[in-house]
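Remarks on the structure that follows.
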Amino acid sequence: MGLYAGELLGLALPQSDKRLYTIVETDGCAADGIAVATNCWVGRRTLRIEDYGKVAATFVDTHTGQALRLVPRPDVRGRARDYAPQAPSKWEAQLIGYQLMPAAELFDVREVVLRTPVERLISRPGRKAICAACGEEIMNEREVTRDGLLLCRACAGESYYDELFSDSCMLSFQAAVSS
Ligand SMILES: [Zn+2]
């Protein structure tokens, strides 16, 4: 999927720079495969996971803004058998079939527009801010502004966790608002 996206976008992959930005729709093994094929990595801030539980990904050429979303066609599992009729199992039919099938037969490709521009997803690396409520450091422009206060997403109410024994974040937020 990654290599085909590179072919369609005219980019040599795996890339040696950060031109390709990939948004992968699963946190499963497909994410690692795409990372290896494209050389886009979470740690390099060229790979982002939007976990929809799908083997699908959007590949963005950050120079042109062109974005292609690729997803395996719904009938690929069955069609793999046509390419590997001797395979002793379904699994092996897929293993062999996917290698023989032309990429255009494997994937549906759609041109898409990102709802959040890629510049904002990438943001300004290296930028740092301090949350007015919890005092923790926020990197890469992920701070948000609420009531004129610069906050981390957690203190702004977007937290994915609750603290077990303390509501200090909420308390310090209230203190910061009232001061
Ligand atoms: Zn905070």
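Ordered as shown in the structure tokens, chains take letters A, B, and onward, while each chain numbers its residues from 1 and ligands are numbered from 1 in the order shown.
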>> Please return as a ChimeraX atom specification the residues found within 7 Å of ligand 1, counting only C-alpha atoms and all ligand atoms.
In response: /A:131-136,151-155,169
Using N, CA, C and O atoms, can you write the selected residues to a file as a PDB file, in the first residue's frame?
```pdb
ATOM      1  N   CYS A 131       1.578  24.672  30.219  1.00  0.00           N
ATOM      2  CA  CYS A 131       0.149  24.716  30.529  1.00  0.00           C
ATOM      3  C   CYS A 131      -0.081  25.606  31.763  1.00  0.00           C
ATOM      4  O   CYS A 131       0.571  25.429  32.792  1.00  0.00           O
ATOM      5  N   ALA A 132      -1.044  26.509  31.622  1.00  0.00           N
ATOM      6  CA  ALA A 132      -1.323  27.443  32.717  1.00  0.00           C
ATOM      7  C   ALA A 132      -1.972  26.732  33.910  1.00  0.00           C
ATOM      8  O   ALA A 132      -1.975  27.251  35.021  1.00  0.00           O
ATOM      9  N   ALA A 133      -2.529  25.533  33.696  1.00  0.00           N
ATOM     10  CA  ALA A 133      -3.193  24.828  34.795  1.00  0.00           C
ATOM     11  C   ALA A 133      -2.268  23.814  35.474  1.00  0.00           C
ATOM     12  O   ALA A 133      -2.047  23.879  36.677  1.00  0.00           O
ATOM     13  N   CYS A 134      -1.706  22.879  34.721  1.00  0.00           N
ATOM     14  CA  CYS A 134      -0.909  21.819  35.353  1.00  0.00           C
ATOM     15  C   CYS A 134       0.587  22.121  35.351  1.00  0.00           C
ATOM     16  O   CYS A 134       1.350  21.446  36.042  1.00  0.00           O
ATOM     17  N   GLY A 135       1.009  23.085  34.554  1.00  0.00           N
ATOM     18  CA  GLY A 135       2.421  23.455  34.533  1.00  0.00           C
ATOM     19  C   GLY A 135       3.283  22.528  33.693  1.00  0.00           C
ATOM     20  O   GLY A 135       4.510  22.697  33.647  1.00  0.00           O
ATOM     21  N   GLU A 136       2.649  21.545  33.053  1.00  0.00           N
ATOM     22  CA  GLU A 136       3.448  20.617  32.234  1.00  0.00           C
ATOM     23  C   GLU A 136       3.794  21.253  30.881  1.00  0.00           C
ATOM     24  O   GLU A 136       3.049  22.091  30.368  1.00  0.00           O
ATOM     25  N   LEU A 151      -3.599  26.228  27.615  1.00  0.00           N
ATOM     26  CA  LEU A 151      -3.722  24.972  28.371  1.00  0.00           C
ATOM     27  C   LEU A 151      -3.282  23.780  27.535  1.00  0.00           C
ATOM     28  O   LEU A 151      -3.312  23.809  26.303  1.00  0.00           O
ATOM     29  N   CYS A 152      -2.924  22.693  28.250  1.00  0.00           N
ATOM     30  CA  CYS A 152      -2.724  21.427  27.554  1.00  0.00           C
ATOM     31  C   CYS A 152      -4.106  20.841  27.261  1.00  0.00           C
ATOM     32  O   CYS A 152      -5.107  21.241  27.863  1.00  0.00           O
ATOM     33  N   ARG A 153      -4.175  19.893  26.366  1.00  0.00           N
ATOM     34  CA  ARG A 153      -5.467  19.330  25.982  1.00  0.00           C
ATOM     35  C   ARG A 153      -6.157  18.663  27.164  1.00  0.00           C
ATOM     36  O   ARG A 153      -7.382  18.705  27.289  1.00  0.00           O
ATOM     37  N   ALA A 154      -5.356  18.049  28.044  1.00  0.00           N
ATOM     38  CA  ALA A 154      -5.941  17.367  29.203  1.00  0.00           C
ATOM     39  C   ALA A 154      -6.663  18.371  30.094  1.00  0.00           C
ATOM     40  O   ALA A 154      -7.819  18.170  30.482  1.00  0.00           O
ATOM     41  N   CYS A 155      -6.021  19.471  30.409  1.00  0.00           N
ATOM     42  CA  CYS A 155      -6.630  20.470  31.291  1.00  0.00           C
ATOM     43  C   CYS A 155      -7.773  21.203  30.590  1.00  0.00           C
ATOM     44  O   CYS A 155      -8.634  21.774  31.249  1.00  0.00           O
ATOM     45  N   CYS A 169      -5.521  18.819  38.788  1.00  0.00           N
ATOM     46  CA  CYS A 169      -5.494  19.503  37.491  1.00  0.00           C
ATOM     47  C   CYS A 169      -6.683  20.459  37.406  1.00  0.00           C
ATOM     48  O   CYS A 169      -6.551  21.616  37.059  1.00  0.00           O
TER      49      CYS A 169
END
```
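Omitting stretch 27-29 of chain A and its sequence neighbours fewer than 2 positions away, and counting only C-alpha atoms, the residues within 9 Å are A:Val24, A:Glu25, A:Ala31, A:Asp32, A:Gly33, A:Ile34, A:Ile49, A:Glu50, A:Asp51, A:Tyr52, A:Gly53, A:Lys54, A:Val55.
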> Which polymer residues have any atom within 12 Å of an atom of A:Asp17, counting only C-alpha atoms, with same-chain residues fewer than 2 positions away left out, as a PyMOL selection string?
Replying inline: chain A and resi 11-15+19-21+38-41+44-46+61-63
Restricted to C-alpha atoms, what would the selected residues look like written as a PDB file, in the first residue's frame?
```pdb
ATOM      1  CA  LEU A  11       7.770   9.791  -4.685  1.00  0.00           C
ATOM      2  CA  ALA A  12      10.683   7.407  -4.250  1.00  0.00           C
ATOM      3  CA  LEU A  13      10.010   5.250  -1.194  1.00  0.00           C
ATOM      4  CA  PRO A  14      11.155   4.451   1.383  1.00  0.00           C
ATOM      5  CA  GLN A  15      11.832   8.152   1.648  1.00  0.00           C
ATOM      6  CA  ARG A  19       8.200  14.874   2.246  1.00  0.00           C
ATOM      7  CA  LEU A  20       5.593  12.111   2.615  1.00  0.00           C
ATOM      8  CA  TYR A  21       3.241  12.334   5.578  1.00  0.00           C
ATOM      9  CA  THR A  38       7.506   4.433   3.383  1.00  0.00           C
ATOM     10  CA  ASN A  39      10.052   5.282   6.086  1.00  0.00           C
ATOM     11  CA  CYS A  40       7.350   7.403   7.748  1.00  0.00           C
ATOM     12  CA  TRP A  41       7.529   6.976  11.520  1.00  0.00           C
ATOM     13  CA  ARG A  44       9.885  11.289  13.050  1.00  0.00           C
ATOM     14  CA  ARG A  45       6.472  12.928  13.069  1.00  0.00           C
ATOM     15  CA  THR A  46       5.785  11.706   9.543  1.00  0.00           C
ATOM     16  CA  ASP A  61       2.765  14.812  -0.442  1.00  0.00           C
ATOM     17  CA  THR A  62       3.597  17.760   1.799  1.00  0.00           C
ATOM     18  CA  HIS A  63       5.161  19.665  -1.117  1.00  0.00           C
TER      19      HIS A  63
END
```
>> Residues within 8 Å of A:Leu68, please, as a list in words. Count only C-alpha atoms; anything in the same chain fewer than 4 positions from it doesn't count.
In response: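 The residues that qualify are Ala5, Thr58, Phe59, Val60, Val109, Arg110, Glu111 and Val112 of chain A.
For the residues A:Lys128, A:Arg77, A:Arg115, A:Arg69, ranking by smallest atom-to-atom distance to A:Ala93 using only C-alpha atoms places A:Arg77 first.
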>> Could you list, as number ranges by chain, every residue within 9 Å of A:Gln94, counting only C-alpha atoms and ignoring same-chain residues fewer than 6 positions away?
In response: A: 76-81, 83-84, 87
